[in-house]
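Engineer: Mind looking over this structure? Questions follow.
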Amino acid sequence: MRTGLVALLLAYVLSQFYRAFLAVLTPVLQADLGLTAADLATASGWWFLAFAAMQIPIGSGLDRLGPRWTTGMLMAVGAGGAFLFSQATGAFQIKLAMALIGVGCAPVLMASYFIYARSYSPAIFGTLAGVTIGVGALGNVASSLPLSAAVAAFGWRPTVLGLAAITAAVALAILALVRDPPRLVAAGDGSLLDLLRNRSIWPILAIMAVCYTPIAGLRGLWVGPYLADVQGADQIEIGRISLWIGLAMVAGNFAYGPLDRWLGTRKWVIFGGNALTLAALVVLWWFAAGPPGMAVAALVAAGFFGASFPMVIAHGRAFFPPHLMGRGVTLLNLFGIAPVGLAQIVTGWVHAATPATTPAAPYAAVFLFFAVTTAAGLAVYLLSQDRTD
């Protein structure tokens with residue numbers, strides 16, 4: 001079981017890498033393939049939308065088939081997507097490749113969470129979830145300065161081709177090493193409608209929809225163009241700042257992990273962390289054209305405080321019966337990931353539609369979008385019922 005979890009953890013490192021690597025590849029893809037900021041926003045959005053679209057069938061697959069085959073076979077699809085990316089000659093191929101990579105990454109985290117929920121004490125679910133995302137966020141780190149260095153040394157096509165080979169090797173490791181928990185007799189009973197009839201999870205779904213969207217959008221896409229167009233950063237500087245944000249996300253995931261046990265609450269840990277994320281977004285909006293140090297500090301703060309995703313999963317998981325655990329955690333993941341894909345596309349439109357009265361104006365509009373949606377999610381989440389295991 002532990003060896004299989006290590007394989008899943010490696011897959012999650014790749015998942016975090018792929019969702020963020022476009023921000024660093026932006027300059028070379030624009031130069032080599034003529035892609036625009038809107039093209040890249042749409043490509044990033046396709047990753048998240050494909051990832052989200054797979055959550056419902058993955059939930060059923062986890063309950064009925066188990067995590068081994070569900071994850072291993074889809075991860076192989078992701079390897080194919082990375083290969084297509086390395087051979088792309090235009091915007092459509094990049095978008096299709098990102099969608100296939102999204103399909104491949106879709107089951108990885110929820111497979112780990114499924115095993116935690118079925119095989120470990122509920123009281124430590126939040127800690128295990130936080131550690132998984134914290135370690136997995138090293139992929140976010142790898143997609144910053146290390147990726148910039150690899151692209152500079154080898155070129156972007158050989159670099160992505162190497163990533164395709166690594167992804168295929170991880171898929172094989174999952175098939176060889178992951179062991180499924182014993183199947184429950186009632187695993188085929190029930191449906192998503194049974195979960196949605198429990199109104200206690202509705203406010204949790206609301207915060208789930210906004211807790212990851214801002215930092216995924218910023219780190220995964222907008223930090224690169226913003227730093228280049230407004231702050232005059234080059235590719236290496238973009239990679240360095242992306243590295244700081246990635247490290248902040250790693251630290252944030254580890255920091256959130258045990259807080260529910262230490263403080264005896266999940267609701268207020270989640271609310272407080274997202275309120276601080278909102279404050280960082282407001283600073284980014286108000287001072288979009290301000291000093292680089294202030295912008296970087298706000299981005300790093302958003303990365304740290306915006307790492308509440310595993311705690312929200314833990315909050316929602318407490319309301320799910322064991323035989324619907326796979327469908328329950330993937331429902332939460334659907335609400336966490338689908339809005340990111342939609343937001344990437346919408347913010348691409350917002351950026352394109354905002355008059356560039358100053359270089360910072362289109363980016364300030366993007367930051368404001370993230371701030372408003374986060375505030376709306378927090379308002380609904382106030383209605384939630386606190387629950388710890």
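A note on labels: chains of the structure tokens are A, B, ... as shown, every chain counts residues from 1, and ligands are counted from 1 in their shown order.
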So which residues touch segment 109-116 of chain A within 10 Å, counting only C-alpha atoms, skipping near sequence neighbours fewer than 6 positions away, as a count of residues only?
Structural biologist: 49
Engineer: Under the rule of at most 12 Å, produce a per-residue listing of segment 86-187 of chain A near segment 201-223 of chain A: chain, number, name, the closest pair of atoms, and the distance in Å, as a tab-separated table, using only C-alpha atoms.
Structural biologist:
```
residue	atom	partner	partner_atom	distance
A:Ala137	CA	A:Ala216	CA	11.6
A:Gly139	CA	A:Gly220	CA	11.8
A:Asn140	CA	A:Arg219	CA	8.6
A:Val141	CA	A:Arg219	CA	10.4
A:Ser143	CA	A:Gly220	CA	9.4
A:Ser144	CA	A:Arg219	CA	9.5
```
Engineer: Which of segment 278-361 of chain A end up as helix (DSSP H, G or I) when DSSP is run on this backbone - answer as number ranges by chain?
Structural biologist: A: 278-286, 292-305, 309-317, 322-353, 361
Engineer: Using only C-alpha atoms, which residues sit within 12 Å of Phe92 of chain A once same-chain residues fewer than 2 positions away are excluded, as an mmCIF file with N, CA, C and O atoms, in the first residue's frame?
Structural biologist:
```
data_model
loop_
_atom_site.group_PDB
_atom_site.id
_atom_site.type_symbol
_atom_site.label_atom_id
_atom_site.label_comp_id
_atom_site.auth_asym_id
_atom_site.auth_seq_id
_atom_site.Cartn_x
_atom_site.Cartn_y
_atom_site.Cartn_z
ATOM 1 N N LEU A 33 5.554 29.479 -31.912
ATOM 2 C CA LEU A 33 4.287 29.071 -32.527
ATOM 3 C C LEU A 33 3.329 30.233 -32.767
ATOM 4 O O LEU A 33 2.256 30.023 -33.329
ATOM 5 N N GLY A 34 3.695 31.427 -32.319
ATOM 6 C CA GLY A 34 2.829 32.592 -32.519
ATOM 7 C C GLY A 34 1.578 32.584 -31.666
ATOM 8 O O GLY A 34 0.575 33.212 -32.034
ATOM 9 N N LEU A 35 1.596 31.886 -30.536
ATOM 10 C CA LEU A 35 0.421 31.839 -29.666
ATOM 11 C C LEU A 35 0.238 33.170 -28.947
ATOM 12 O O LEU A 35 1.210 33.864 -28.617
ATOM 13 N N ASP A 39 -4.798 32.471 -26.448
ATOM 14 C CA ASP A 39 -4.586 31.058 -26.810
ATOM 15 C C ASP A 39 -4.107 30.259 -25.606
ATOM 16 O O ASP A 39 -4.592 29.145 -25.336
ATOM 17 N N LEU A 40 -3.143 30.813 -24.876
ATOM 18 C CA LEU A 40 -2.579 30.102 -23.736
ATOM 19 C C LEU A 40 -3.585 30.008 -22.600
ATOM 20 O O LEU A 40 -3.641 28.993 -21.893
ATOM 21 N N THR A 42 -6.811 29.784 -22.993
ATOM 22 C CA THR A 42 -7.743 28.736 -23.414
ATOM 23 C C THR A 42 -7.118 27.354 -23.259
ATOM 24 O O THR A 42 -7.772 26.406 -22.806
ATOM 25 N N ALA A 43 -5.843 27.212 -23.621
ATOM 26 C CA ALA A 43 -5.167 25.927 -23.472
ATOM 27 C C ALA A 43 -5.129 25.500 -22.012
ATOM 28 O O ALA A 43 -5.399 24.338 -21.676
ATOM 29 N N TRP A 46 -8.556 24.356 -21.061
ATOM 30 C CA TRP A 46 -8.881 23.015 -21.535
ATOM 31 C C TRP A 46 -8.323 21.958 -20.601
ATOM 32 O O TRP A 46 -8.956 20.924 -20.390
ATOM 33 N N LEU A 84 2.148 14.682 -27.674
ATOM 34 C CA LEU A 84 1.538 15.554 -28.677
ATOM 35 C C LEU A 84 1.988 16.997 -28.480
ATOM 36 O O LEU A 84 2.277 17.712 -29.450
ATOM 37 N N PHE A 85 2.069 17.440 -27.241
ATOM 38 C CA PHE A 85 2.518 18.796 -26.941
ATOM 39 C C PHE A 85 3.924 19.018 -27.504
ATOM 40 O O PHE A 85 4.214 20.076 -28.096
ATOM 41 N N GLN A 87 5.268 17.816 -30.006
ATOM 42 C CA GLN A 87 5.291 17.832 -31.473
ATOM 43 C C GLN A 87 4.398 18.923 -32.057
ATOM 44 O O GLN A 87 4.288 19.024 -33.286
ATOM 45 N N ALA A 88 3.772 19.738 -31.231
ATOM 46 C CA ALA A 88 2.757 20.688 -31.688
ATOM 47 C C ALA A 88 3.340 21.747 -32.611
ATOM 48 O O ALA A 88 4.480 22.196 -32.429
ATOM 49 N N THR A 89 2.530 22.163 -33.591
ATOM 50 C CA THR A 89 2.933 23.227 -34.513
ATOM 51 C C THR A 89 1.958 24.398 -34.507
ATOM 52 O O THR A 89 2.147 25.359 -35.256
ATOM 53 N N GLY A 90 0.907 24.321 -33.681
ATOM 54 C CA GLY A 90 -0.067 25.403 -33.659
ATOM 55 C C GLY A 90 -0.896 25.383 -32.395
ATOM 56 O O GLY A 90 -0.757 24.495 -31.543
ATOM 57 N N ILE A 94 -1.726 22.417 -29.188
ATOM 58 C CA ILE A 94 -1.381 22.713 -27.800
ATOM 59 C C ILE A 94 -2.608 22.554 -26.912
ATOM 60 O O ILE A 94 -2.547 21.952 -25.819
ATOM 61 N N LYS A 95 -3.749 23.046 -27.366
ATOM 62 C CA LYS A 95 -4.981 22.946 -26.577
ATOM 63 C C LYS A 95 -5.406 21.488 -26.407
ATOM 64 O O LYS A 95 -5.769 21.058 -25.295
ATOM 65 N N LEU A 96 -5.365 20.722 -27.508
ATOM 66 C CA LEU A 96 -5.745 19.312 -27.428
ATOM 67 C C LEU A 96 -4.784 18.552 -26.524
ATOM 68 O O LEU A 96 -5.212 17.704 -25.713
ATOM 69 N N ALA A 97 -3.496 18.840 -26.637
ATOM 70 C CA ALA A 97 -2.513 18.179 -25.776
ATOM 71 C C ALA A 97 -2.776 18.483 -24.311
ATOM 72 O O ALA A 97 -2.710 17.580 -23.455
ATOM 73 N N MET A 98 -3.086 19.722 -24.010
ATOM 74 C CA MET A 98 -3.376 20.088 -22.622
ATOM 75 C C MET A 98 -4.617 19.365 -22.113
ATOM 76 O O MET A 98 -4.672 18.942 -20.950
ATOM 77 N N ALA A 99 -5.631 19.202 -22.979
ATOM 78 C CA ALA A 99 -6.834 18.469 -22.566
ATOM 79 C C ALA A 99 -6.493 17.010 -22.255
ATOM 80 O O ALA A 99 -6.959 16.453 -21.247
#
```
Engineer: Between A:Phe48, A:Ala361, A:Gln235, A:Thr167, which is the closest to Leu74 of chain A once you count only C-alpha atoms?
Structural biologist: A:Thr167
Engineer: Applying 10 Å and only C-alpha atoms, which residues near Gly293 of chain A remain after dropping the ones on its own chain fewer than 5 positions away? List them as a list in words.
Structural biologist: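 Counting only the stated atoms, we get Gln231, Ala298 and Leu299 of chain A.
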Engineer: Distance atom CA of Lys267 of chain A-atom CA of Asp386 of chain A, one decimal place?
Structural biologist: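 A separation of 5.2 Å between them.
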